[in-house]
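Please read the structure below before turning to the comments.
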Amino acid sequence: MPDRFYLTTAIAYANNKPGLHTLHEVIAADAIARWHRMRGIPTRFLTGTDEHSVNIAIRAAEEGVTSRQFVDDKVALFRAAEDALLISPDRFIRTTDPDHLRSAQEMVRRAYANGDIYVGRYEGWYCPNEGFRNPTDVLETAAGTICPNHPDVPLQWLTERNWFFRLSAYQDRLERWYADHPDFVQPDYRRNEMLGFIRAGLEDFSISRAGAGWGIPFPIREDGSSALLPDGSWDPQAGTIYVWWDALINYITGAGFPDDPDLFARWWPADLHVIGKDIARFHTLFWPAMLWSAGLEAPRRVWVHGWLLAQGERMSKSRGNFLDPLDFVAAFGADGARYVALREVAFDRDSDVSWDAFIRRYNADLANDFGNLVNRTVTMAGRYLGGERPAARLAGDSPLGSAWDAVCDRCFDRLEGCLINEALEALWEFVGAANRLVEVEQPWALAKAAKAGDDAAAARLRGVLGDLVEACRLVALAAAPVMPGAAPRVLAQLGYAYGWGPDGNGGPALLDELAWGAHAAEPGTLARPEPLFPRLEIEAPAG
RNA sequence: GGCUGGGUAGCUCAGUGGUAGAGCAAGCGGCUCAUAAUCGCUAGGUCACAGGUUCGAAUCCUGUCCCAGCUACCA
């Protein structure tokens, strides 16, 4: 068992309210974090927002508010949505946090001291409305080169002096790193893509922008002197830190760099970065090299997930085909929302999702299969045994008990591999087995025979219901990282205590609790049955 | 254009040489403990298309069509 686990999500761009497609990654990471916490592994889970860019400054000006006010408003929306989804970060980091400024600037100083950054020229097509455009994003037309989003605005070819990072110097080290750490980037096909990119040759990239803007001040002047002015402000002539040298560095800021060396030594390197495929290159090539330049270790693993699609199209705010997380929680409840999001989306690739598919999944898996299993189990035990909790049979004497270990192993294996949807699939096959056991054993018939004086039937009834109670306990606990709100409610109906806190910390070791019959010897009383996941008949929300 | 991966039941997908599979959705039946739930059965596929290798191909080879990803500096 690892002695600690540090995981992060990408930080979301704070320019709008969050969509489900953005928070899906955070839900998944939260489940992984809880999975570690509940096992008793000290866990640090970092998520947050990326708040610097000229675009944000422009948007804020358009709305007549300061950039700071603008991002504060957006961050409040993210935090509200994440609270509704029971997201439990150990720190919610903002790139506008004061310690992040120190962190990013320190990284620049270290790269400079190491000889890895130099002043160069960044050239490119510049759209007055959008800034620098990638050469692949501009169109060559008879009227000249234009920006596809603003065809009437002439593009300008601009040259800007700014700082570059010597990524080219890390080509060999990156190749060796990939060779020595075959699990660094997952899934494998993403790793292969990155390997192909490395082999094609790495070029330096720019890490600053000229002029003072809404960003972290670049701490060094062109002559190498500090850009700190006597009054404590930064020389605007030094410019600002650009994009990745700001955003990526949140992962070490969030672990204590550079203010708290002890904390940083405890949590770095990160065990897992969870990111989307659009930013894989920055996390798996730029980021290790940046860290090495500063004398720090590369992260241990980067998981690259796909996108949520609606009818084949990527969900996005600009397309308008996204789901509001608050609508989602209102319809499914926090646990239902987390479950269907993680069960319907294959975490290693793009997945087409729809409101109808979420409803079908909720009704089939939660209302019908699992919710109803708990309900019928608690009802039967209450009716036939007077509410006294029956003990599970020995694993070898029970079809469910003898199947459990294999289910558990497969579920754990998939969780470790970030394939949360497959972990849940494995668990729900066991739910199906439990429902089938009810049909085979027909406890109502056993109860009738027992009432007529058949002692063997009475013993069998207790055993079967004990197995079913145990199955409900185990599934609720194994699914608790995904449905942290539902698990204590299930355990309460079964007459068991739930020892973990709202963030999954503080309880007993989960793996011990997930042994078949772990509490078979303890007497207990079942509570009144109460539907956990009411069946849904609702329509998609308007808009 | 180049490289990689895919196109299998209405939907989402599994299946790398031996008589086509799962879940959901649909139809029929059983049961009654349960949230009209659950259990069983049925139906539904020239496995993108065309050739080839083989006793035998969804699976291997060739070609074609279609889709997706990667092919450097967006936050």
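Identifiers for the structure tokens are assigned positionally: chains receive A, B, ... in sequence, residues are indexed from 1 per chain, and ligands are indexed from 1 in the order shown.
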Self-check item: All residues 7 Å or closer to stretch 240-243 of chain A, only C-alpha atoms (C1' of nucleotides), same chain fewer than 6 positions away omitted, as JSON, numbers by chain
Solution: {"A": [207, 208, 209, 210, 211, 212, 213, 215, 216, 217, 218]}
Output of the above residues as an mmCIF file, in the first residue's frame, restricted to all heavy atoms:
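As a result, again07.cif now contains:
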```
data_model
loop_
_atom_site.group_PDB
_atom_site.id
_atom_site.type_symbol
_atom_site.label_atom_id
_atom_site.label_comp_id
_atom_site.auth_asym_id
_atom_site.auth_seq_id
_atom_site.Cartn_x
_atom_site.Cartn_y
_atom_site.Cartn_z
ATOM 1 N N ILE A 207 7.569 31.531 -23.134
ATOM 2 C CA ILE A 207 6.988 31.461 -21.792
ATOM 3 C C ILE A 207 6.663 32.838 -21.226
ATOM 4 O O ILE A 207 6.341 32.961 -20.056
ATOM 5 C CB ILE A 207 7.927 30.725 -20.821
ATOM 6 C CG1 ILE A 207 9.200 31.534 -20.567
ATOM 7 C CG2 ILE A 207 8.288 29.353 -21.373
ATOM 8 C CD1 ILE A 207 9.965 31.046 -19.348
ATOM 9 N N SER A 208 6.752 33.875 -22.050
ATOM 10 C CA SER A 208 6.386 35.201 -21.543
ATOM 11 C C SER A 208 5.660 35.970 -22.639
ATOM 12 O O SER A 208 5.702 35.587 -23.816
ATOM 13 C CB SER A 208 7.636 35.985 -21.115
ATOM 14 O OG SER A 208 8.375 36.411 -22.248
ATOM 15 N N ARG A 209 4.985 37.016 -22.232
ATOM 16 C CA ARG A 209 4.373 37.922 -23.181
ATOM 17 C C ARG A 209 4.757 39.340 -22.780
ATOM 18 O O ARG A 209 4.895 39.643 -21.598
ATOM 19 C CB ARG A 209 2.843 37.769 -23.200
ATOM 20 C CG ARG A 209 2.376 36.560 -24.007
ATOM 21 C CD ARG A 209 2.726 36.711 -25.488
ATOM 22 N NE ARG A 209 2.305 35.557 -26.273
ATOM 23 C CZ ARG A 209 3.070 34.513 -26.540
ATOM 24 N NH1 ARG A 209 4.304 34.457 -26.049
ATOM 25 N NH2 ARG A 209 2.630 33.519 -27.277
ATOM 26 N N ALA A 210 4.924 40.176 -23.802
ATOM 27 C CA ALA A 210 5.382 41.536 -23.543
ATOM 28 C C ALA A 210 4.276 42.369 -22.898
ATOM 29 O O ALA A 210 3.093 42.123 -23.110
ATOM 30 C CB ALA A 210 5.826 42.185 -24.851
ATOM 31 N N GLY A 211 4.678 43.320 -22.114
ATOM 32 C CA GLY A 211 3.732 44.261 -21.547
ATOM 33 C C GLY A 211 3.063 43.712 -20.307
ATOM 34 O O GLY A 211 3.051 42.510 -20.059
ATOM 35 N N ALA A 212 2.524 44.616 -19.515
ATOM 36 C CA ALA A 212 1.829 44.198 -18.306
ATOM 37 C C ALA A 212 0.388 43.870 -18.654
ATOM 38 O O ALA A 212 -0.295 44.656 -19.278
ATOM 39 C CB ALA A 212 1.888 45.300 -17.253
ATOM 40 N N GLY A 213 -0.058 42.702 -18.273
ATOM 41 C CA GLY A 213 -1.443 42.345 -18.528
ATOM 42 C C GLY A 213 -2.001 41.666 -17.299
ATOM 43 O O GLY A 213 -1.452 41.800 -16.216
ATOM 44 N N GLY A 215 -1.827 38.866 -15.580
ATOM 45 C CA GLY A 215 -0.997 37.674 -15.493
ATOM 46 C C GLY A 215 0.034 37.829 -14.410
ATOM 47 O O GLY A 215 0.112 38.862 -13.730
ATOM 48 N N ILE A 216 0.840 36.813 -14.236
ATOM 49 C CA ILE A 216 1.880 36.855 -13.213
ATOM 50 C C ILE A 216 3.088 37.596 -13.786
ATOM 51 O O ILE A 216 3.573 37.257 -14.862
ATOM 52 C CB ILE A 216 2.277 35.429 -12.787
ATOM 53 C CG1 ILE A 216 1.083 34.751 -12.111
ATOM 54 C CG2 ILE A 216 3.489 35.452 -11.868
ATOM 55 C CD1 ILE A 216 1.346 33.312 -11.699
ATOM 56 N N PRO A 217 3.566 38.618 -13.081
ATOM 57 C CA PRO A 217 4.700 39.392 -13.594
ATOM 58 C C PRO A 217 5.925 38.507 -13.802
ATOM 59 O O PRO A 217 6.247 37.672 -12.945
ATOM 60 C CB PRO A 217 4.962 40.422 -12.486
ATOM 61 C CG PRO A 217 3.683 40.494 -11.715
ATOM 62 C CD PRO A 217 3.064 39.133 -11.789
ATOM 63 N N PHE A 218 6.582 38.713 -14.945
ATOM 64 C CA PHE A 218 7.828 37.986 -15.180
ATOM 65 C C PHE A 218 8.884 38.576 -14.251
ATOM 66 O O PHE A 218 9.065 39.798 -14.231
ATOM 67 C CB PHE A 218 8.251 38.128 -16.649
ATOM 68 C CG PHE A 218 9.105 36.996 -17.127
ATOM 69 C CD1 PHE A 218 8.527 35.811 -17.547
ATOM 70 C CD2 PHE A 218 10.499 37.107 -17.123
ATOM 71 C CE1 PHE A 218 9.316 34.753 -17.976
ATOM 72 C CE2 PHE A 218 11.286 36.048 -17.546
ATOM 73 C CZ PHE A 218 10.698 34.865 -17.974
#
```
Exercise. Could you find all residues in stretch 44-279 of chain A that DSSP calls helix (DSSP H, G or I) from the backbone, and write them as an MDAnalysis selection string?
Key: chainID A and resid 54:63 67:84 98:113 135:137 167:180 188:199 236:238 244:247 250:253 261:267 277:279
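Nearest to A:Ala247 of all the residues A:Leu7, A:Ala104, A:Ala14, A:Ala509 is A:Ala104, counting only C-alpha atoms.
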Quiz item: What residues in chain B lie within 8 Å of chain A, counting only C-alpha atoms (C1' of nucleotides), written as a PyMOL selection string?
Solution: chain B and resi 4+24+31+33-35+37-39+70-73+75
Quiz item: Can you list, as a PyMOL selection string, every protein, DNA or RNA residue that comes within 8 Å of A:Arg300 when you count only C-alpha atoms (C1' of nucleotides), leaving out same-chain residues fewer than 5 positions away?
Solution: chain A and resi 184+269-272
Exercise. Enumerate as a list in words all residues of stretch 176-338 of chain A assigned to strand (DSSP E) by DSSP on the backbone, naming them with the chain letters and numbers the document uses.
Key: Val185, Gln186, Phe205, Ser206, Ser208, Arg209, Thr240, Ile241, Leu272, His273, Val274, Ile275, Gly276, Val302, Trp303, Val304, His305, Leu308, Leu309, Ala310, Glu313 and Arg314 of chain A
